[in-house]
Amino acid sequence: MPGGWIDKVVLAMSENESPLRFFYWSALATIAAVVRKNVFLDRYFYKLYPNIYVMFVAKSGMKKGIPVSLAKSLVSIVGCTRVITGRNSIQAVIYDLSKAYTTEGGEVIKDAHGFMVSGELAAFLIKDPDAMTILTDLYDTHFHEDQWKNSLKSTGVEILKAPCLTLLGATNEEHFEEAVPSPAVSGGFVARTFLILGEKKGKPNPLTEKPTMMVSHKELASYLTDLTKVKGEFRWSSEAKALYNKWYFPFAEEEHQDPTGTMERIPDQILKVAMLLSLSHSPNLVLEATHIEESLDSCLRCVTGVKQVTMGSGKSTLGFQTKLIVRELIARPDHQVERQKLLQKFWGEFDAFDLDRIVETLIGAGAITVQRHGTKTVYKMKESALEQFVKIEGLLKSQLGT
């Protein structure tokens, strides 16, 4: 397919105001949901399957629900796996996955394959301290090749046969801690999840006229139906293997300060996305250098998003407000901002007294400096602190020679 199926999806949605990056990742999750455990990459000590967890994080009004809805519609049309949506308890999800499932076409699915999808992840699962731990465990499909067992006094023994879950959800930053409680940030769930930070909408469109690039969901789903028949092991092209190795060895030697564990898991995450990109172009199950290169770029961009989204997680009462200030400094070309402009932009989020406390903390942490220009007070991010957020992209470019 010229340009690949994912490119076709992004182009078809290019006249929508949702960030195009959201459509890109929703398309990746869609492919993962329909291929399930049918394909894998041999990692010799285990088989790596291309299921992924994806979460869009953006403020309200960014239209993040549209890409989620698209993925839900496409997977439902294909009809090869359970689509788990609405409001659920983790126990109900496990119960449903433990039972045989009959598709609209009459096919009986006995394996615990499912696509968990929600436009507001905080409302998807009823609060349960075990929910994120269970989802974290189920993500690692290779640990549960044959089955995963849940044994409770209230429900008895529930067995999930060959479980394989893909998750696509969205939330805003205010609800992020509800959707992903602090223990899950450092407990492995975030490390297994691509956090896609959306800061800018797509091209403005009043939608008073029918978009010219639209493609019907049924047409988009036709290629996915073909992918459900693909089975087997991925093979490396020699160029892809060389490119991955060129990136991997210097990366593995780096010391990564990452409380979420994302950096430790990113090599396998890159390979999962590379498999999905390969499937987007062809059912031939070959990893090409172009798939590895694009996956490296896409996945490592997410690492910066993880740092920015999770930096306010914790017990501090001003954690979220601190995150707003740090991200404002990162986003500015000169990485500095006047005190007055901060108070104007974030009026309602914090006041002058809160700002003084946050600034004092950031100075103590060696993250910013304070400069005086006449009556103006200017905060500037230090190079050493900024490096923590741009190091990954720099490492990628230096290693790949881009």
# chains A, B, ... in the order shown; residues from 1 in each chain; ligands from 1
call {"tool": "residues_around", "arguments": {"residues": "region 126-136 of chain A", "least_positions_apart": "5", "cutoff": "7 Å", "atoms": "only C-alpha atoms", "output": "ChimeraX atom specification"}}
result
/A:88-90,184,188-189
call {"tool": "residues_around", "arguments": {"residues": "region 217-230 of chain A", "least_positions_apart": "4", "cutoff": "7 Å", "atoms": "only C-alpha atoms", "output": "MDAnalysis selection string"}}
result
chainID A and resid 31 34:35 38 74 77:78 283
call {"tool": "closest_residue", "arguments": {"among": "A:Leu279, A:Val337, A:Leu165, A:Leu70", "to": "Thr369 (chain A)", "atoms": "only C-alpha atoms"}}
result
A:Val337
call {"tool": "closest_residue", "arguments": {"among": "A:Lys376, A:His144, A:Lys110, A:Lys341", "to": "Arg82 (chain A)", "atoms": "only C-alpha atoms"}}
result
A:Lys110
call {"tool": "residues_around", "arguments": {"residues": "region 120-123 of chain A", "least_positions_apart": "4", "cutoff": "7 Å", "atoms": "only C-alpha atoms", "output": "count of residues only"}}
result
7
call {"tool": "decode", "arguments": {"residues": "region 97-115 of chain A", "atoms": "N, CA and C atoms", "output": "short mmCIF file (atom, residue, chain, number, x, y, z; two decimals), in the first residue's frame"}}
result
data_model
loop_
_atom_site.label_atom_id
_atom_site.label_comp_id
_atom_site.auth_asym_id
_atom_site.auth_seq_id
_atom_site.Cartn_x
_atom_site.Cartn_y
_atom_site.Cartn_z
N LEU A 97 -13.30 -11.36 29.61
CA LEU A 97 -12.20 -11.95 28.85
C LEU A 97 -12.08 -13.46 29.09
N SER A 98 -12.57 -13.92 30.22
CA SER A 98 -12.46 -15.34 30.53
C SER A 98 -13.51 -16.19 29.81
N LYS A 99 -14.50 -15.54 29.23
CA LYS A 99 -15.57 -16.26 28.54
C LYS A 99 -15.36 -16.25 27.03
N ALA A 100 -15.87 -17.28 26.38
CA ALA A 100 -15.82 -17.32 24.92
C ALA A 100 -16.66 -16.19 24.36
N TYR A 101 -16.23 -15.67 23.22
CA TYR A 101 -16.88 -14.50 22.61
C TYR A 101 -17.27 -14.83 21.18
N THR A 102 -18.50 -14.53 20.82
CA THR A 102 -18.98 -14.79 19.46
C THR A 102 -19.11 -13.48 18.70
N THR A 103 -18.42 -13.38 17.56
CA THR A 103 -18.49 -12.17 16.75
C THR A 103 -19.81 -12.11 16.00
N GLU A 104 -20.09 -10.94 15.41
CA GLU A 104 -21.31 -10.79 14.63
C GLU A 104 -21.33 -11.73 13.43
N GLY A 105 -20.16 -12.12 12.97
CA GLY A 105 -20.08 -13.05 11.84
C GLY A 105 -20.22 -14.50 12.25
N GLY A 106 -20.39 -14.74 13.57
CA GLY A 106 -20.59 -16.09 14.05
C GLY A 106 -19.32 -16.81 14.47
N GLU A 107 -18.15 -16.15 14.38
CA GLU A 107 -16.90 -16.77 14.80
C GLU A 107 -16.79 -16.77 16.32
N VAL A 108 -16.40 -17.89 16.89
CA VAL A 108 -16.24 -18.01 18.34
C VAL A 108 -14.78 -17.77 18.70
N ILE A 109 -14.54 -16.79 19.56
CA ILE A 109 -13.19 -16.46 20.00
C ILE A 109 -13.03 -16.92 21.45
N LYS A 110 -12.15 -17.87 21.67
CA LYS A 110 -11.95 -18.41 23.01
C LYS A 110 -10.80 -17.71 23.75
N ASP A 111 -9.86 -17.16 22.99
CA ASP A 111 -8.72 -16.50 23.62
C ASP A 111 -9.11 -15.15 24.21
N ALA A 112 -8.38 -14.73 25.22
CA ALA A 112 -8.67 -13.47 25.93
C ALA A 112 -8.02 -12.30 25.21
N HIS A 113 -8.49 -12.04 24.00
CA HIS A 113 -8.00 -10.92 23.21
C HIS A 113 -9.00 -9.78 23.31
N GLY A 114 -8.52 -8.55 23.54
CA GLY A 114 -9.44 -7.44 23.68
C GLY A 114 -8.82 -6.10 23.38
N PHE A 115 -9.67 -5.17 22.98
CA PHE A 115 -9.27 -3.79 22.71
C PHE A 115 -10.01 -2.90 23.70
#
